[in-house]
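K.L.:
Pasting a structure below so you can have a look.
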Amino acid sequence: MIDIAGAVAAEAIDEETREQPEPVHRAAGVGPVAAHYGDPLREQRTLATGVGLVDRSHRGVVAVPGEERIGWLHTLTSQHLAGLGAWQGTELLVLSPHGHIEQHAMVAEDGETTWLDTEPGMTSGLLSYLEKMRFFSKVEPRDATADHALLSLVGPEATGALEALGVSGLAAPDVVAVPGPKFRSGDLPARPSVVYDVRPLPIGGWARRVPLGVDLLVPRDAMTQVVDELRGAGVPVAGLWAYEAIRVAARQPRAGVDTDHRTIPAEVDLIAPAVHLDKGCYRGQETVARVHNLGRPPRRLVLLHLDGVTTDQLPAAGAPVTLDGRTVGFIGTAVQHYELGQIALAVVKRNVADDARLLVGETAAAIDAS
């Protein structure tokens, strides 16, 4: 999609951006992705009110075939994958022994292979961990990024646009409510905490319904055909800047961007989509259970409104958030939203009040308490 008229590559704007393929994937032929196609605010409005096609083909893709894959992944991650059926999707985390987030992956199961797609720059870490944990299990995890690409139909009309590819009727995400502290064992169903509907695509690959729209995993050599069919049906393209603005407004964190080395799932609202609280032991489970039962994670994810008066430059990821001269958190993703202006996701200390007068550099910031 970088060859579409008006496309501006993310790495052409910022050579250090995370929005580019990993070196090993670039060497295998994975190309750059577009930050925008000439009008990022119009592209945002399109995603917010209709539907647009976003190139996210720089995301890493790990394929896990093998007859023991479901049970094996169930034991290694935070999600209840033993209850994951064919043509279903979900999310999972790999945690450190102390419960800190190391990896986040979106999941789709097609009956023969479990597909994991993850943040650019994190594929090798995820694959390395899985390979170390194989032992004698009948699984064959591999990096499939070079031959599969992720695209996303984003917006309230995403499922309708999918009909251009011959797929209809994708069900909305099915989320299990997070129980209160000290719930009884057995109260939660033995299934993933969120289930995403997945359907095969006639061209190969699959479509997965997610909160922001529909993800498409397609063979990389069929990517141009898929894009042409969707554009031919009237679906406009939108860049990653537009996608990120929609994501931030929806308060959906990205691992490695809106998290740091100390982040635990409860701090960034990843319990509901990615953690089953009653599945039994896995690495980091003790911390997850202790924090949930006490009900007070040390930090929390917030949406900040930035005044944009002192500067029109967005703060960098990791920039300190301060209160009365003390650092109380850090910025994750900051964006220019077409309606809300400058906004950002930030992780701040739990005891920071919603009406606190925060600063990011010299820029005033206010927590959105809605």
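Residue numbering restarts at 1 in every chain; chains get A, B, ... in the order shown in the structure tokens, and ligands count up from 1 in that same order.
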Hey, what's within 8 Å of A:Val360 if we count only C-alpha atoms and toss same-chain stuff fewer than 6 positions away? As a count of residues only, please?

P.N.:
5

K.L.:
Can you tell me, as a ChimeraX atom specification, what residues are no more than 6 Å from A:Ala86 when counting only C-alpha atoms, ignoring any on the same chain fewer than 3 positions away?

P.N.:
/A:109-111

K.L.:
Can you pull out the residues contacting stretch 19-22 of chain A? Cut-off 8 Å, using only C-alpha atoms, and skip same-chain residues under 2 positions away; I want them as a ChimeraX atom specification.

P.N.:
/A:10-11,17,24-26,30-33,58-59,120-121

K.L.:
Work out how far apart atom CA of A:Arg283 and atom CA of A:Met133 are and give it in Å to one decimal.

P.N.:
11.9 Å

K.L.:
Would you kindly return, as a VMD selection string, each protein, DNA or RNA residue with an atom no farther than 9 Å from any atom of A:Asp215, considering only C-alpha atoms and excluding same-chain residues fewer than 4 positions away?

P.N.:
chain A and resid 150 to 154 206 to 210

K.L.:
May I have the selected residues written with C-alpha atoms, as a PDB file, in the first residue's frame?

P.N.:
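Dumped everything to result23.pdb:
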```pdb
ATOM      1  CA  LEU A 150      -1.946  -7.978   8.490  1.00  0.00           C
ATOM      2  CA  LEU A 151      -4.394  -5.358   7.210  1.00  0.00           C
ATOM      3  CA  SER A 152      -7.214  -3.769   9.197  1.00  0.00           C
ATOM      4  CA  LEU A 153     -10.651  -2.526   8.237  1.00  0.00           C
ATOM      5  CA  VAL A 154     -11.306   0.111  10.894  1.00  0.00           C
ATOM      6  CA  TRP A 206      -8.736 -15.103   7.711  1.00  0.00           C
ATOM      7  CA  ALA A 207     -10.801 -12.177   9.007  1.00  0.00           C
ATOM      8  CA  ARG A 208     -11.077 -11.513  12.757  1.00  0.00           C
ATOM      9  CA  ARG A 209     -13.651  -9.180  14.333  1.00  0.00           C
ATOM     10  CA  VAL A 210     -11.997  -6.945  16.958  1.00  0.00           C
TER      11      VAL A 210
END
```

K.L.:
Distance atom CA of A:Val257-atom CA of A:Met223, one decimal place?

P.N.:
27.2 Å

K.L.:
List the spatial neighbours of A:Asn293 as JSON, numbers by chain - criterion: any atom at most 9 Å away, only C-alpha atoms, same-chain residues fewer than 5 positions off excluded.

P.N.:
{"A": [180, 181, 182, 183, 288]}

K.L.:
Quick one: write out the picked residues with all heavy atoms as a PDB file, in the first residue's frame?

P.N.:
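Here's the written file out.pdb:
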```
ATOM      1  N   GLY A 180     -15.138  -9.345  40.625  1.00  0.00           N
ATOM      2  CA  GLY A 180     -14.591  -8.541  41.710  1.00  0.00           C
ATOM      3  C   GLY A 180     -13.503  -9.291  42.451  1.00  0.00           C
ATOM      4  O   GLY A 180     -13.252 -10.472  42.207  1.00  0.00           O
ATOM      5  N   PRO A 181     -12.846  -8.617  43.390  1.00  0.00           N
ATOM      6  CA  PRO A 181     -11.801  -9.275  44.180  1.00  0.00           C
ATOM      7  C   PRO A 181     -12.343 -10.470  44.956  1.00  0.00           C
ATOM      8  O   PRO A 181     -13.507 -10.504  45.355  1.00  0.00           O
ATOM      9  CB  PRO A 181     -11.330  -8.167  45.134  1.00  0.00           C
ATOM     10  CG  PRO A 181     -11.743  -6.880  44.480  1.00  0.00           C
ATOM     11  CD  PRO A 181     -13.010  -7.196  43.736  1.00  0.00           C
ATOM     12  N   LYS A 182     -11.489 -11.467  45.107  1.00  0.00           N
ATOM     13  CA  LYS A 182     -11.796 -12.655  45.921  1.00  0.00           C
ATOM     14  C   LYS A 182     -13.065 -13.362  45.459  1.00  0.00           C
ATOM     15  O   LYS A 182     -13.884 -13.802  46.260  1.00  0.00           O
ATOM     16  CB  LYS A 182     -11.903 -12.257  47.403  1.00  0.00           C
ATOM     17  CG  LYS A 182     -10.614 -11.653  47.947  1.00  0.00           C
ATOM     18  CD  LYS A 182     -10.709 -11.251  49.412  1.00  0.00           C
ATOM     19  CE  LYS A 182      -9.400 -10.636  49.882  1.00  0.00           C
ATOM     20  NZ  LYS A 182      -9.441 -10.190  51.289  1.00  0.00           N
ATOM     21  N   PHE A 183     -13.215 -13.483  44.140  1.00  0.00           N
ATOM     22  CA  PHE A 183     -14.334 -14.241  43.583  1.00  0.00           C
ATOM     23  C   PHE A 183     -14.108 -15.732  43.840  1.00  0.00           C
ATOM     24  O   PHE A 183     -12.985 -16.181  44.095  1.00  0.00           O
ATOM     25  CB  PHE A 183     -14.463 -13.958  42.083  1.00  0.00           C
ATOM     26  CG  PHE A 183     -13.267 -14.404  41.276  1.00  0.00           C
ATOM     27  CD1 PHE A 183     -13.245 -15.647  40.663  1.00  0.00           C
ATOM     28  CD2 PHE A 183     -12.163 -13.568  41.130  1.00  0.00           C
ATOM     29  CE1 PHE A 183     -12.144 -16.063  39.939  1.00  0.00           C
ATOM     30  CE2 PHE A 183     -11.053 -13.966  40.396  1.00  0.00           C
ATOM     31  CZ  PHE A 183     -11.052 -15.232  39.802  1.00  0.00           C
ATOM     32  N   VAL A 288      -0.560 -11.378  39.300  1.00  0.00           N
ATOM     33  CA  VAL A 288      -1.880 -11.036  38.756  1.00  0.00           C
ATOM     34  C   VAL A 288      -2.957 -11.282  39.804  1.00  0.00           C
ATOM     35  O   VAL A 288      -3.820 -10.423  40.053  1.00  0.00           O
ATOM     36  CB  VAL A 288      -2.167 -11.848  37.486  1.00  0.00           C
ATOM     37  CG1 VAL A 288      -3.631 -11.665  37.044  1.00  0.00           C
ATOM     38  CG2 VAL A 288      -1.233 -11.432  36.353  1.00  0.00           C
TER      39      VAL A 288
END
```

K.L.:
Find, counting only C-alpha atoms, the residue in A:Lys132, A:Lys279, A:His98, A:Arg142 that gets nearest to A:Leu116.

P.N.:
A:Arg142

K.L.:
Please determine, counting only C-alpha atoms, which residue among A:Asp197, A:Ala28, A:Glu68, A:Arg45 has the shortest atom-to-atom distance to A:Thr145.

P.N.:
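Checking each candidate against A:Thr145, we get A:Ala28 as the closest.
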
K.L.:
Give the strand (DSSP E) residues of stretch 205-251 of chain A, as assigned by DSSP on the backbone, as a PyMOL selection string.

P.N.:
chain A and resi 206-210+213-219+237-238

K.L.:
Please produce a file of those selected residues containing C-alpha atoms, as a PDB file, in the first residue's frame.

P.N.:
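File result.pdb, as written:
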```
ATOM      1  CA  TRP A 206      -8.736 -15.103   7.711  1.00  0.00           C
ATOM      2  CA  ALA A 207     -10.801 -12.177   9.007  1.00  0.00           C
ATOM      3  CA  ARG A 208     -11.077 -11.513  12.757  1.00  0.00           C
ATOM      4  CA  ARG A 209     -13.651  -9.180  14.333  1.00  0.00           C
ATOM      5  CA  VAL A 210     -11.997  -6.945  16.958  1.00  0.00           C
ATOM      6  CA  GLY A 213     -13.120  -3.250  13.285  1.00  0.00           C
ATOM      7  CA  VAL A 214     -11.856  -6.324  11.409  1.00  0.00           C
ATOM      8  CA  ASP A 215      -8.286  -7.605  11.094  1.00  0.00           C
ATOM      9  CA  LEU A 216      -7.307  -9.415   7.901  1.00  0.00           C
ATOM     10  CA  LEU A 217      -4.388 -11.830   7.757  1.00  0.00           C
ATOM     11  CA  VAL A 218      -3.668 -12.510   4.079  1.00  0.00           C
ATOM     12  CA  PRO A 219      -0.911 -14.244   2.147  1.00  0.00           C
ATOM     13  CA  VAL A 237      -7.255   3.917   2.638  1.00  0.00           C
ATOM     14  CA  ALA A 238      -6.018   5.487   5.874  1.00  0.00           C
TER      15      ALA A 238
END
```

K.L.:
Could you check how far atom CA of A:Leu81 sits from atom CA of A:Val194, in Å to one decimal?

P.N.:
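The value is 10.6 Å.
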